[in-house]
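Novice: So here's entry-v7.tsv, just TSV, N, CA and C atoms:
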chain	number	residue	atom	x	y	z
K	1	MET	N	-13.97	-13.76	-20.11
K	1	MET	CA	-14.03	-14.27	-18.75
K	1	MET	C	-15.36	-13.82	-18.15
K	2	SER	N	-16.11	-14.77	-17.64
K	2	SER	CA	-17.38	-14.42	-17.03
K	2	SER	C	-17.16	-13.82	-15.65
K	3	SER	N	-18.19	-13.16	-15.14
K	3	SER	CA	-18.05	-12.52	-13.83
K	3	SER	C	-17.86	-13.55	-12.72
K	4	VAL	N	-18.47	-14.74	-12.88
K	4	VAL	CA	-18.32	-15.78	-11.86
K	4	VAL	C	-16.87	-16.27	-11.82
K	5	SER	N	-16.25	-16.49	-12.96
K	5	SER	CA	-14.86	-16.95	-12.96
K	5	SER	C	-13.93	-15.87	-12.42
K	6	PHE	N	-14.27	-14.60	-12.65
K	6	PHE	CA	-13.48	-13.51	-12.07
K	6	PHE	C	-13.57	-13.55	-10.55
K	7	TYR	N	-14.77	-13.75	-10.02
K	7	TYR	CA	-14.95	-13.82	-8.57
K	7	TYR	C	-14.23	-15.03	-7.98
K	8	ILE	N	-14.24	-16.14	-8.69
K	8	ILE	CA	-13.53	-17.33	-8.23
K	8	ILE	C	-12.03	-17.06	-8.18
K	9	MET	N	-11.52	-16.36	-9.17
K	9	MET	CA	-10.10	-16.01	-9.19
K	9	MET	C	-9.77	-15.10	-7.99
K	10	ILE	N	-10.63	-14.14	-7.70
K	10	ILE	CA	-10.42	-13.25	-6.55
K	10	ILE	C	-10.47	-14.07	-5.25
K	11	ASP	N	-11.40	-15.01	-5.16
K	11	ASP	CA	-11.51	-15.87	-3.97
K	11	ASP	C	-10.20	-16.63	-3.73
K	12	PHE	N	-9.67	-17.22	-4.80
K	12	PHE	CA	-8.40	-17.95	-4.66
K	12	PHE	C	-7.26	-17.01	-4.27
K	13	LEU	N	-7.29	-15.81	-4.78
K	13	LEU	CA	-6.27	-14.82	-4.42
K	13	LEU	C	-6.35	-14.50	-2.93
K	14	ILE	N	-7.56	-14.30	-2.41
K	14	ILE	CA	-7.75	-14.00	-0.99
K	14	ILE	C	-7.31	-15.19	-0.13
K	15	ILE	N	-7.67	-16.39	-0.54
K	15	ILE	CA	-7.27	-17.59	0.20
K	15	ILE	C	-5.74	-17.71	0.20
K	16	GLY	N	-5.14	-17.50	-0.95
K	16	GLY	CA	-3.68	-17.57	-1.05
K	16	GLY	C	-3.00	-16.53	-0.18
K	17	CYS	N	-3.54	-15.33	-0.16
K	17	CYS	CA	-2.98	-14.28	0.70
K	17	CYS	C	-3.10	-14.66	2.17
K	18	GLY	N	-4.25	-15.20	2.54
K	18	GLY	CA	-4.45	-15.63	3.93
K	18	GLY	C	-3.46	-16.70	4.35
K	19	ILE	N	-3.23	-17.66	3.47
K	19	ILE	CA	-2.28	-18.73	3.77
K	19	ILE	C	-0.86	-18.17	3.85
K	20	TYR	N	-0.52	-17.24	2.96
K	20	TYR	CA	0.79	-16.60	2.98
K	20	TYR	C	1.00	-15.84	4.30
K	21	ILE	N	-0.01	-15.12	4.74
K	21	ILE	CA	0.08	-14.35	5.99
K	21	ILE	C	0.28	-15.28	7.18
K	22	ILE	N	-0.45	-16.39	7.20
K	22	ILE	CA	-0.30	-17.37	8.27
K	22	ILE	C	1.12	-17.97	8.25
K	23	ALA	N	1.63	-18.28	7.06
K	23	ALA	CA	2.99	-18.84	6.94
K	23	ALA	C	4.03	-17.83	7.41
K	24	GLN	N	3.84	-16.56	7.09
K	24	GLN	CA	4.77	-15.53	7.55
K	24	GLN	C	4.73	-15.40	9.07
K	25	TYR	N	3.54	-15.49	9.64
K	25	TYR	CA	3.42	-15.46	11.10
K	25	TYR	C	4.17	-16.65	11.71
K	26	ALA	N	3.96	-17.84	11.14
K	26	ALA	CA	4.61	-19.04	11.67
K	26	ALA	C	6.13	-18.90	11.62
K	27	PHE	N	6.66	-18.37	10.52
K	27	PHE	CA	8.11	-18.16	10.43
K	27	PHE	C	8.58	-17.18	11.49
K	28	MET	N	7.85	-16.07	11.62
K	28	MET	CA	8.23	-15.02	12.56
K	28	MET	C	8.17	-15.55	14.00
K	29	ALA	N	7.14	-16.31	14.33
K	29	ALA	CA	6.98	-16.83	15.69
K	29	ALA	C	8.02	-17.91	16.00
K	30	ARG	N	8.35	-18.72	15.00
K	30	ARG	CA	9.29	-19.82	15.22
K	30	ARG	C	10.73	-19.34	15.32
K	31	THR	N	11.14	-18.43	14.44
K	31	THR	CA	12.54	-18.02	14.38
K	31	THR	C	12.84	-16.74	15.16
K	32	HIS	N	11.82	-16.00	15.51
K	32	HIS	CA	11.96	-14.71	16.20
K	32	HIS	C	12.81	-13.73	15.40
K	33	GLU	N	12.62	-13.75	14.09
K	33	GLU	CA	13.30	-12.79	13.23
K	33	GLU	C	12.34	-12.33	12.14
K	34	LEU	N	12.68	-11.21	11.54
K	34	LEU	CA	11.86	-10.63	10.49
K	34	LEU	C	12.53	-10.84	9.14
K	35	ARG	N	11.71	-10.93	8.11
K	35	ARG	CA	12.21	-10.98	6.74
K	35	ARG	C	11.66	-9.77	6.00
K	36	GLN	N	12.40	-9.30	5.04
K	36	GLN	CA	12.01	-8.10	4.31
K	36	GLN	C	10.68	-8.27	3.58
K	37	ASN	N	10.36	-9.47	3.16
K	37	ASN	CA	9.14	-9.69	2.37
K	37	ASN	C	7.91	-10.04	3.21
K	38	MET	N	7.95	-9.80	4.50
K	38	MET	CA	6.81	-10.23	5.32
K	38	MET	C	5.87	-9.07	5.66
K	39	MET	N	5.23	-8.56	4.62
K	39	MET	CA	4.20	-7.53	4.79
K	39	MET	C	4.74	-6.26	5.44
K	40	LEU	N	5.94	-5.88	5.06
K	40	LEU	CA	6.52	-4.63	5.51
K	40	LEU	C	6.78	-3.76	4.28
K	41	PRO	N	6.68	-2.46	4.42
K	41	PRO	CA	6.97	-1.59	3.28
K	41	PRO	C	8.40	-1.80	2.77
K	42	LYS	N	8.58	-1.68	1.45
K	42	LYS	CA	9.90	-1.91	0.85
K	42	LYS	C	10.97	-0.97	1.39
K	43	GLU	N	10.59	0.27	1.66
K	43	GLU	CA	11.58	1.24	2.11
K	43	GLU	C	11.98	1.05	3.57
K	44	LEU	N	11.33	0.14	4.26
K	44	LEU	CA	11.62	-0.13	5.66
K	44	LEU	C	12.69	-1.22	5.76
K	45	HIS	N	13.80	-0.94	6.38
K	45	HIS	CA	14.89	-1.90	6.50
K	45	HIS	C	14.76	-2.62	7.85
K	46	ILE	N	14.68	-3.94	7.79
K	46	ILE	CA	14.47	-4.70	9.02
K	46	ILE	C	15.64	-4.59	9.98
K	47	ALA	N	16.82	-4.29	9.48
K	47	ALA	CA	17.99	-4.15	10.36
K	47	ALA	C	17.86	-2.94	11.28
K	48	ARG	N	17.00	-2.02	10.93
K	48	ARG	CA	16.82	-0.81	11.74
K	48	ARG	C	15.73	-0.94	12.80
K	49	CYS	N	15.13	-2.10	12.91
K	49	CYS	CA	14.09	-2.31	13.92
K	49	CYS	C	14.70	-2.19	15.31
K	50	LYS	N	14.11	-1.35	16.16
K	50	LYS	CA	14.63	-1.10	17.50
K	50	LYS	C	14.46	-2.31	18.42
K	51	ASP	N	13.34	-3.02	18.27
K	51	ASP	CA	13.02	-4.13	19.16
K	51	ASP	C	12.25	-5.19	18.38
K	52	VAL	N	12.95	-6.17	17.83
K	52	VAL	CA	12.32	-7.20	17.01
K	52	VAL	C	11.32	-8.00	17.83
K	53	GLU	N	11.70	-8.41	19.03
K	53	GLU	CA	10.80	-9.19	19.89
K	53	GLU	C	9.52	-8.39	20.22
K	54	GLY	N	9.68	-7.12	20.51
K	54	GLY	CA	8.53	-6.28	20.81
K	54	GLY	C	7.61	-6.15	19.61
K	55	TYR	N	8.19	-5.99	18.43
K	55	TYR	CA	7.38	-5.90	17.21
K	55	TYR	C	6.62	-7.20	16.99
K	56	ILE	N	7.30	-8.33	17.16
K	56	ILE	CA	6.65	-9.63	16.97
K	56	ILE	C	5.52	-9.82	17.98
K	57	ARG	N	5.75	-9.42	19.24
K	57	ARG	CA	4.69	-9.52	20.25
K	57	ARG	C	3.50	-8.63	19.90
K	58	THR	N	3.79	-7.43	19.39
K	58	THR	CA	2.73	-6.47	19.08
K	58	THR	C	1.91	-6.90	17.87
K	59	ILE	N	2.56	-7.34	16.82
K	59	ILE	CA	1.86	-7.57	15.56
K	59	ILE	C	1.54	-9.04	15.31
K	60	GLY	N	2.20	-9.96	16.01
K	60	GLY	CA	2.07	-11.39	15.73
K	60	GLY	C	0.66	-11.93	15.76
K	61	LYS	N	-0.02	-11.79	16.88
K	61	LYS	CA	-1.38	-12.33	17.00
K	61	LYS	C	-2.35	-11.65	16.04
K	62	LYS	N	-2.13	-10.36	15.82
K	62	LYS	CA	-2.98	-9.62	14.88
K	62	LYS	C	-2.78	-10.13	13.46
K	63	GLN	N	-1.52	-10.43	13.13
K	63	GLN	CA	-1.23	-10.96	11.81
K	63	GLN	C	-1.85	-12.34	11.64
K	64	LEU	N	-1.76	-13.17	12.66
K	64	LEU	CA	-2.37	-14.49	12.60
K	64	LEU	C	-3.89	-14.38	12.46
K	65	ALA	N	-4.51	-13.52	13.23
K	65	ALA	CA	-5.97	-13.33	13.13
K	65	ALA	C	-6.36	-12.85	11.74
K	66	PHE	N	-5.60	-11.93	11.18
K	66	PHE	CA	-5.87	-11.42	9.84
K	66	PHE	C	-5.72	-12.53	8.80
K	67	GLY	N	-4.70	-13.35	8.93
K	67	GLY	CA	-4.49	-14.45	7.99
K	67	GLY	C	-5.60	-15.48	8.05
K	68	ILE	N	-6.01	-15.86	9.26
K	68	ILE	CA	-7.09	-16.83	9.42
K	68	ILE	C	-8.40	-16.27	8.89
K	69	ALA	N	-8.70	-15.03	9.24
K	69	ALA	CA	-9.94	-14.41	8.78
K	69	ALA	C	-9.96	-14.26	7.26
K	70	SER	N	-8.83	-13.92	6.67
K	70	SER	CA	-8.76	-13.81	5.21
K	70	SER	C	-9.03	-15.15	4.55
K	71	THR	N	-8.43	-16.20	5.08
K	71	THR	CA	-8.63	-17.53	4.53
K	71	THR	C	-10.09	-17.96	4.65
K	72	VAL	N	-10.68	-17.75	5.82
K	72	VAL	CA	-12.08	-18.13	6.03
K	72	VAL	C	-13.01	-17.33	5.12
K	73	CYS	N	-12.79	-16.03	5.01
K	73	CYS	CA	-13.62	-15.20	4.14
K	73	CYS	C	-13.49	-15.65	2.69
K	74	GLY	N	-12.28	-15.96	2.26
K	74	GLY	CA	-12.08	-16.43	0.89
K	74	GLY	C	-12.76	-17.76	0.62
K	75	VAL	N	-12.67	-18.68	1.59
K	75	VAL	CA	-13.31	-19.98	1.43
K	75	VAL	C	-14.83	-19.83	1.38
K	76	LEU	N	-15.39	-19.03	2.27
K	76	LEU	CA	-16.84	-18.80	2.25
K	76	LEU	C	-17.30	-18.24	0.90
K	77	SER	N	-16.58	-17.28	0.41
K	77	SER	CA	-16.93	-16.66	-0.87
K	77	SER	C	-16.75	-17.65	-2.02
K	78	LEU	N	-15.70	-18.46	-1.96
K	78	LEU	CA	-15.48	-19.46	-3.00
K	78	LEU	C	-16.61	-20.49	-3.03
K	79	VAL	N	-17.01	-20.96	-1.86
K	79	VAL	CA	-18.12	-21.92	-1.79
K	79	VAL	C	-19.39	-21.30	-2.37
K	80	GLN	N	-19.64	-20.05	-2.04
K	80	GLN	CA	-20.81	-19.37	-2.57
K	80	GLN	C	-20.73	-19.26	-4.10
K	81	ASP	N	-19.56	-18.92	-4.62
K	81	ASP	CA	-19.42	-18.74	-6.06
K	81	ASP	C	-19.48	-20.06	-6.82
K	82	LEU	N	-19.00	-21.15	-6.21
K	82	LEU	CA	-18.99	-22.43	-6.90
K	82	LEU	C	-20.31	-23.18	-6.82
K	83	VAL	N	-20.88	-23.27	-5.63
K	83	VAL	CA	-22.09	-24.08	-5.47
K	83	VAL	C	-23.30	-23.29	-4.99
K	84	GLY	N	-23.09	-22.11	-4.53
K	84	GLY	CA	-24.21	-21.29	-4.09
K	84	GLY	C	-24.92	-21.80	-2.86
K	85	SER	N	-24.23	-22.65	-2.08
K	85	SER	CA	-24.89	-23.23	-0.91
K	85	SER	C	-24.90	-22.31	0.30
K	86	VAL	N	-24.07	-21.28	0.26
K	86	VAL	CA	-24.02	-20.33	1.35
K	86	VAL	C	-24.98	-19.19	1.03
K	87	ASN	N	-25.69	-18.73	2.01
K	87	ASN	CA	-26.57	-17.59	1.82
K	87	ASN	C	-25.78	-16.42	1.25
K	88	ILE	N	-26.31	-15.75	0.25
K	88	ILE	CA	-25.60	-14.65	-0.41
K	88	ILE	C	-25.25	-13.55	0.58
K	89	TYR	N	-26.09	-13.34	1.58
K	89	TYR	CA	-25.82	-12.31	2.58
K	89	TYR	C	-24.63	-12.67	3.46
K	90	ILE	N	-24.46	-13.96	3.71
K	90	ILE	CA	-23.30	-14.42	4.48
K	90	ILE	C	-22.03	-14.18	3.66
K	91	SER	N	-22.08	-14.49	2.38
K	91	SER	CA	-20.94	-14.27	1.51
K	91	SER	C	-20.60	-12.79	1.41
K	92	MET	N	-21.60	-11.95	1.28
K	92	MET	CA	-21.37	-10.51	1.22
K	92	MET	C	-20.81	-9.99	2.54
K	93	ALA	N	-21.34	-10.50	3.64
K	93	ALA	CA	-20.84	-10.10	4.96
K	93	ALA	C	-19.38	-10.52	5.12
K	94	ALA	N	-19.02	-11.69	4.60
K	94	ALA	CA	-17.63	-12.16	4.67
K	94	ALA	C	-16.71	-11.19	3.92
K	95	MET	N	-17.15	-10.72	2.78
K	95	MET	CA	-16.32	-9.78	2.02
K	95	MET	C	-16.20	-8.43	2.73
K	96	VAL	N	-17.28	-7.98	3.33
K	96	VAL	CA	-17.23	-6.72	4.09
K	96	VAL	C	-16.30	-6.89	5.28
K	97	ILE	N	-16.40	-8.02	5.97
K	97	ILE	CA	-15.52	-8.29	7.11
K	97	ILE	C	-14.06	-8.32	6.64
K	98	PHE	N	-13.80	-8.93	5.48
K	98	PHE	CA	-12.45	-8.98	4.95
K	98	PHE	C	-11.91	-7.57	4.69
K	99	ILE	N	-12.71	-6.72	4.09
K	99	ILE	CA	-12.28	-5.35	3.81
K	99	ILE	C	-12.02	-4.58	5.11
K	100	VAL	N	-12.91	-4.75	6.08
K	100	VAL	CA	-12.72	-4.09	7.37
K	100	VAL	C	-11.44	-4.60	8.04
K	101	LEU	N	-11.19	-5.89	7.97
K	101	LEU	CA	-9.97	-6.45	8.55
K	101	LEU	C	-8.72	-5.96	7.83
K	102	CYS	N	-8.79	-5.76	6.52
K	102	CYS	CA	-7.65	-5.20	5.79
K	102	CYS	C	-7.32	-3.81	6.32
K	103	ILE	N	-8.34	-3.01	6.51
K	103	ILE	CA	-8.14	-1.66	7.03
K	103	ILE	C	-7.59	-1.73	8.46
K	104	TRP	N	-8.19	-2.57	9.29
K	104	TRP	CA	-7.75	-2.73	10.68
K	104	TRP	C	-6.29	-3.18	10.75
K	105	TYR	N	-5.93	-4.20	9.98
K	105	TYR	CA	-4.56	-4.70	10.03
K	105	TYR	C	-3.58	-3.65	9.51
K	106	GLY	N	-3.97	-2.94	8.49
K	106	GLY	CA	-3.12	-1.87	7.97
K	106	GLY	C	-2.83	-0.81	9.02
K	107	ARG	N	-3.86	-0.42	9.76
K	107	ARG	CA	-3.67	0.57	10.83
K	107	ARG	C	-2.80	0.03	11.95
K	108	GLU	N	-3.06	-1.20	12.37
K	108	GLU	CA	-2.27	-1.81	13.45
K	108	GLU	C	-0.81	-1.98	13.03
K	109	SER	N	-0.60	-2.37	11.79
K	109	SER	CA	0.75	-2.54	11.28
K	109	SER	C	1.48	-1.19	11.25
K	110	LYS	N	0.79	-0.16	10.82
K	110	LYS	CA	1.40	1.17	10.78
K	110	LYS	C	1.78	1.65	12.18
K	111	LYS	N	0.89	1.40	13.16
K	111	LYS	CA	1.20	1.78	14.55
K	111	LYS	C	2.44	1.05	15.04
K	112	ALA	N	2.51	-0.25	14.76
K	112	ALA	CA	3.66	-1.06	15.22
K	112	ALA	C	4.94	-0.59	14.55
K	113	ILE	N	4.87	-0.26	13.27
K	113	ILE	CA	6.05	0.22	12.56
K	113	ILE	C	6.52	1.55	13.15
K	114	GLU	N	5.58	2.44	13.41
K	114	GLU	CA	5.94	3.74	14.02
K	114	GLU	C	6.57	3.56	15.39
K	115	LYS	N	6.12	2.57	16.13
K	115	LYS	CA	6.62	2.35	17.48
K	115	LYS	C	8.00	1.69	17.48
K	116	TYR	N	8.26	0.77	16.57
K	116	TYR	CA	9.48	-0.02	16.63
K	116	TYR	C	10.54	0.33	15.59
K	117	TRP	N	10.27	1.32	14.75
K	117	TRP	CA	11.30	1.74	13.79
K	117	TRP	C	11.67	3.17	13.99
Just give me the structure of the file as structure tokens.
Specialist:
Amino acid sequence: MSSVSFYIMIDFLIIGCGIYIIAQYAFMARTHELRQNMMLPKELHIARCKDVEGYIRTIGKKQLAFGIASTVCGVLSLVQDLVGSVNIYISMAAMVIFIVLCIWYGRESKKAIEKYW
């Protein structure tokens, strides 16, 4: 496997994760309920959430922003890897932004879990 095909595979993985995160947000916003598989730690039981609506209000928009940003970063990187039409610095910046957003969302998610569980 060449390094370019590896990067393309990673790009599709990031895009897929972004779309999954957006879909989970849409489910959460539409039904006002949580599912065990929606980016929550396995040992965390959703039935023990003190305030489901409060958790959704706290994390919802952040989750949507993270999903959209992940998808955009993945698409930018994919375009760069496939056709090279995007400036390499823009593609690198997109990946750095994605990593920073992963850290940011992880911290925000942890704060929300501590507050509502």
Novice: Give the helix (DSSP H, G or I) residues of stretch 9-111 of chain K, as DSSP finds them on the backbone, and put them as a PyMOL selection string.
Specialist: chain K and resi 9-31+46-48+52-83+88-111
Novice: Between atom CA of K:Gly54 and atom CA of K:Lys115, measure the distance and give it in Å to one decimal.
Specialist: 9.4 Å
Novice: If we count only N, CA and C atoms, what is near stretch 85-94 of chain K at a cut-off of 7 Å, once residues fewer than 3 positions away on the same chain are taken out, given as a ChimeraX atom specification?
Specialist: /K:72-74,76-77,79-82,97-99
Novice: Point out the residue among K:Thr58, K:Trp104, K:Lys50, K:Gly67 with the least atom-to-atom distance to K:Ile21, counting all atoms listed in the file.
Specialist: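 Among the listed residues, the smallest separation from K:Ile21 belongs to K:Gly67.
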Novice: Within 12 Å of K:Lys110, counting only C-alpha atoms, which residues show up once you throw out same-chain ones fewer than 2 positions away? Write them as a PDB file with N, CA and C atoms, in the frame of the given file, please.
Specialist:
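The new file result_31.pdb reads:
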ATOM      1  N   MET K  39       5.230  -8.560   4.620  1.00  0.00           N
ATOM      2  CA  MET K  39       4.200  -7.530   4.790  1.00  0.00           C
ATOM      3  C   MET K  39       4.740  -6.260   5.440  1.00  0.00           C
ATOM      4  N   LEU K  40       5.940  -5.880   5.060  1.00  0.00           N
ATOM      5  CA  LEU K  40       6.520  -4.630   5.510  1.00  0.00           C
ATOM      6  C   LEU K  40       6.780  -3.760   4.280  1.00  0.00           C
ATOM      7  N   PRO K  41       6.680  -2.460   4.420  1.00  0.00           N
ATOM      8  CA  PRO K  41       6.970  -1.590   3.280  1.00  0.00           C
ATOM      9  C   PRO K  41       8.400  -1.800   2.770  1.00  0.00           C
ATOM     10  N   LEU K  44      11.330   0.140   4.260  1.00  0.00           N
ATOM     11  CA  LEU K  44      11.620  -0.130   5.660  1.00  0.00           C
ATOM     12  C   LEU K  44      12.690  -1.220   5.760  1.00  0.00           C
ATOM     13  N   TYR K  55       8.190  -5.990  18.430  1.00  0.00           N
ATOM     14  CA  TYR K  55       7.380  -5.900  17.210  1.00  0.00           C
ATOM     15  C   TYR K  55       6.620  -7.200  16.990  1.00  0.00           C
ATOM     16  N   THR K  58       3.790  -7.430  19.390  1.00  0.00           N
ATOM     17  CA  THR K  58       2.730  -6.470  19.080  1.00  0.00           C
ATOM     18  C   THR K  58       1.910  -6.900  17.870  1.00  0.00           C
ATOM     19  N   ILE K  59       2.560  -7.340  16.820  1.00  0.00           N
ATOM     20  CA  ILE K  59       1.860  -7.570  15.560  1.00  0.00           C
ATOM     21  C   ILE K  59       1.540  -9.040  15.310  1.00  0.00           C
ATOM     22  N   ILE K 103      -8.340  -3.010   6.510  1.00  0.00           N
ATOM     23  CA  ILE K 103      -8.140  -1.660   7.030  1.00  0.00           C
ATOM     24  C   ILE K 103      -7.590  -1.730   8.460  1.00  0.00           C
ATOM     25  N   TRP K 104      -8.190  -2.570   9.290  1.00  0.00           N
ATOM     26  CA  TRP K 104      -7.750  -2.730  10.680  1.00  0.00           C
ATOM     27  C   TRP K 104      -6.290  -3.180  10.750  1.00  0.00           C
ATOM     28  N   TYR K 105      -5.930  -4.200   9.980  1.00  0.00           N
ATOM     29  CA  TYR K 105      -4.560  -4.700  10.030  1.00  0.00           C
ATOM     30  C   TYR K 105      -3.580  -3.650   9.510  1.00  0.00           C
ATOM     31  N   GLY K 106      -3.970  -2.940   8.490  1.00  0.00           N
ATOM     32  CA  GLY K 106      -3.120  -1.870   7.970  1.00  0.00           C
ATOM     33  C   GLY K 106      -2.830  -0.810   9.020  1.00  0.00           C
ATOM     34  N   ARG K 107      -3.860  -0.420   9.760  1.00  0.00           N
ATOM     35  CA  ARG K 107      -3.670   0.570  10.830  1.00  0.00           C
ATOM     36  C   ARG K 107      -2.800   0.030  11.950  1.00  0.00           C
ATOM     37  N   GLU K 108      -3.060  -1.200  12.370  1.00  0.00           N
ATOM     38  CA  GLU K 108      -2.270  -1.810  13.450  1.00  0.00           C
ATOM     39  C   GLU K 108      -0.810  -1.980  13.030  1.00  0.00           C
ATOM     40  N   ALA K 112       2.510  -0.250  14.760  1.00  0.00           N
ATOM     41  CA  ALA K 112       3.660  -1.060  15.220  1.00  0.00           C
ATOM     42  C   ALA K 112       4.940  -0.590  14.550  1.00  0.00           C
ATOM     43  N   ILE K 113       4.870  -0.260  13.270  1.00  0.00           N
ATOM     44  CA  ILE K 113       6.050   0.220  12.560  1.00  0.00           C
ATOM     45  C   ILE K 113       6.520   1.550  13.150  1.00  0.00           C
ATOM     46  N   GLU K 114       5.580   2.440  13.410  1.00  0.00           N
ATOM     47  CA  GLU K 114       5.940   3.740  14.020  1.00  0.00           C
ATOM     48  C   GLU K 114       6.570   3.560  15.390  1.00  0.00           C
ATOM     49  N   LYS K 115       6.120   2.570  16.130  1.00  0.00           N
ATOM     50  CA  LYS K 115       6.620   2.350  17.480  1.00  0.00           C
ATOM     51  C   LYS K 115       8.000   1.690  17.480  1.00  0.00           C
ATOM     52  N   TYR K 116       8.260   0.770  16.570  1.00  0.00           N
ATOM     53  CA  TYR K 116       9.480  -0.020  16.630  1.00  0.00           C
ATOM     54  C   TYR K 116      10.540   0.330  15.590  1.00  0.00           C
ATOM     55  N   TRP K 117      10.270   1.320  14.750  1.00  0.00           N
ATOM     56  CA  TRP K 117      11.300   1.740  13.790  1.00  0.00           C
ATOM     57  C   TRP K 117      11.670   3.170  13.990  1.00  0.00           C
TER      58      TRP K 117
END
Novice: Which of these, K:Lys42, K:Thr71, K:Leu64, K:Val52, has the shortest distance to K:Tyr25 once you count all atoms listed in the file?
Specialist: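 Using all atoms listed in the file, the shortest distance to K:Tyr25 belongs to K:Leu64.
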Novice: How big is the axis-aligned box around all listed atoms of stretch 3-21 of chain K once 5 Å goes on each side, and where's its centre, in Å to one decimal, as lines of an AutoDock Vina configuration file?
Specialist:
center_x = -8.7
center_y = -15.6
center_z = -4.0
size_x = 29.5
size_y = 16.2
size_z = 32.3
Novice: Could you jot down the atom CA of K:Ile8 to atom CA of K:Ala69 separation for me, Å, one decimal place?
Specialist: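 Computing it gives 17.6 Å between the two atoms.
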Novice: Of the candidates K:Leu78, K:Met28, K:Lys62, K:His45, which one gets nearest to K:Asp11 if we count only C-alpha atoms?
Specialist: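 Ranking K:Leu78, K:Met28, K:Lys62, K:His45 by distance to K:Asp11, first place goes to K:Leu78.
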Novice: Rounded to one decimal place, report the atom C of K:Ile14-atom C of K:Ser70 distance in Å.
Specialist: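 Interatomic distance, atom C of K:Ile14 to atom C of K:Ser70: 5.0 Å.
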Novice: Kindly indicate which residue among K:Leu34, K:Val75, K:Ala65, K:Val83 lies nearest to K:Gly16, using only C-alpha atoms for the distances.
Specialist: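 Smallest distance to K:Gly16 is found for K:Val75.
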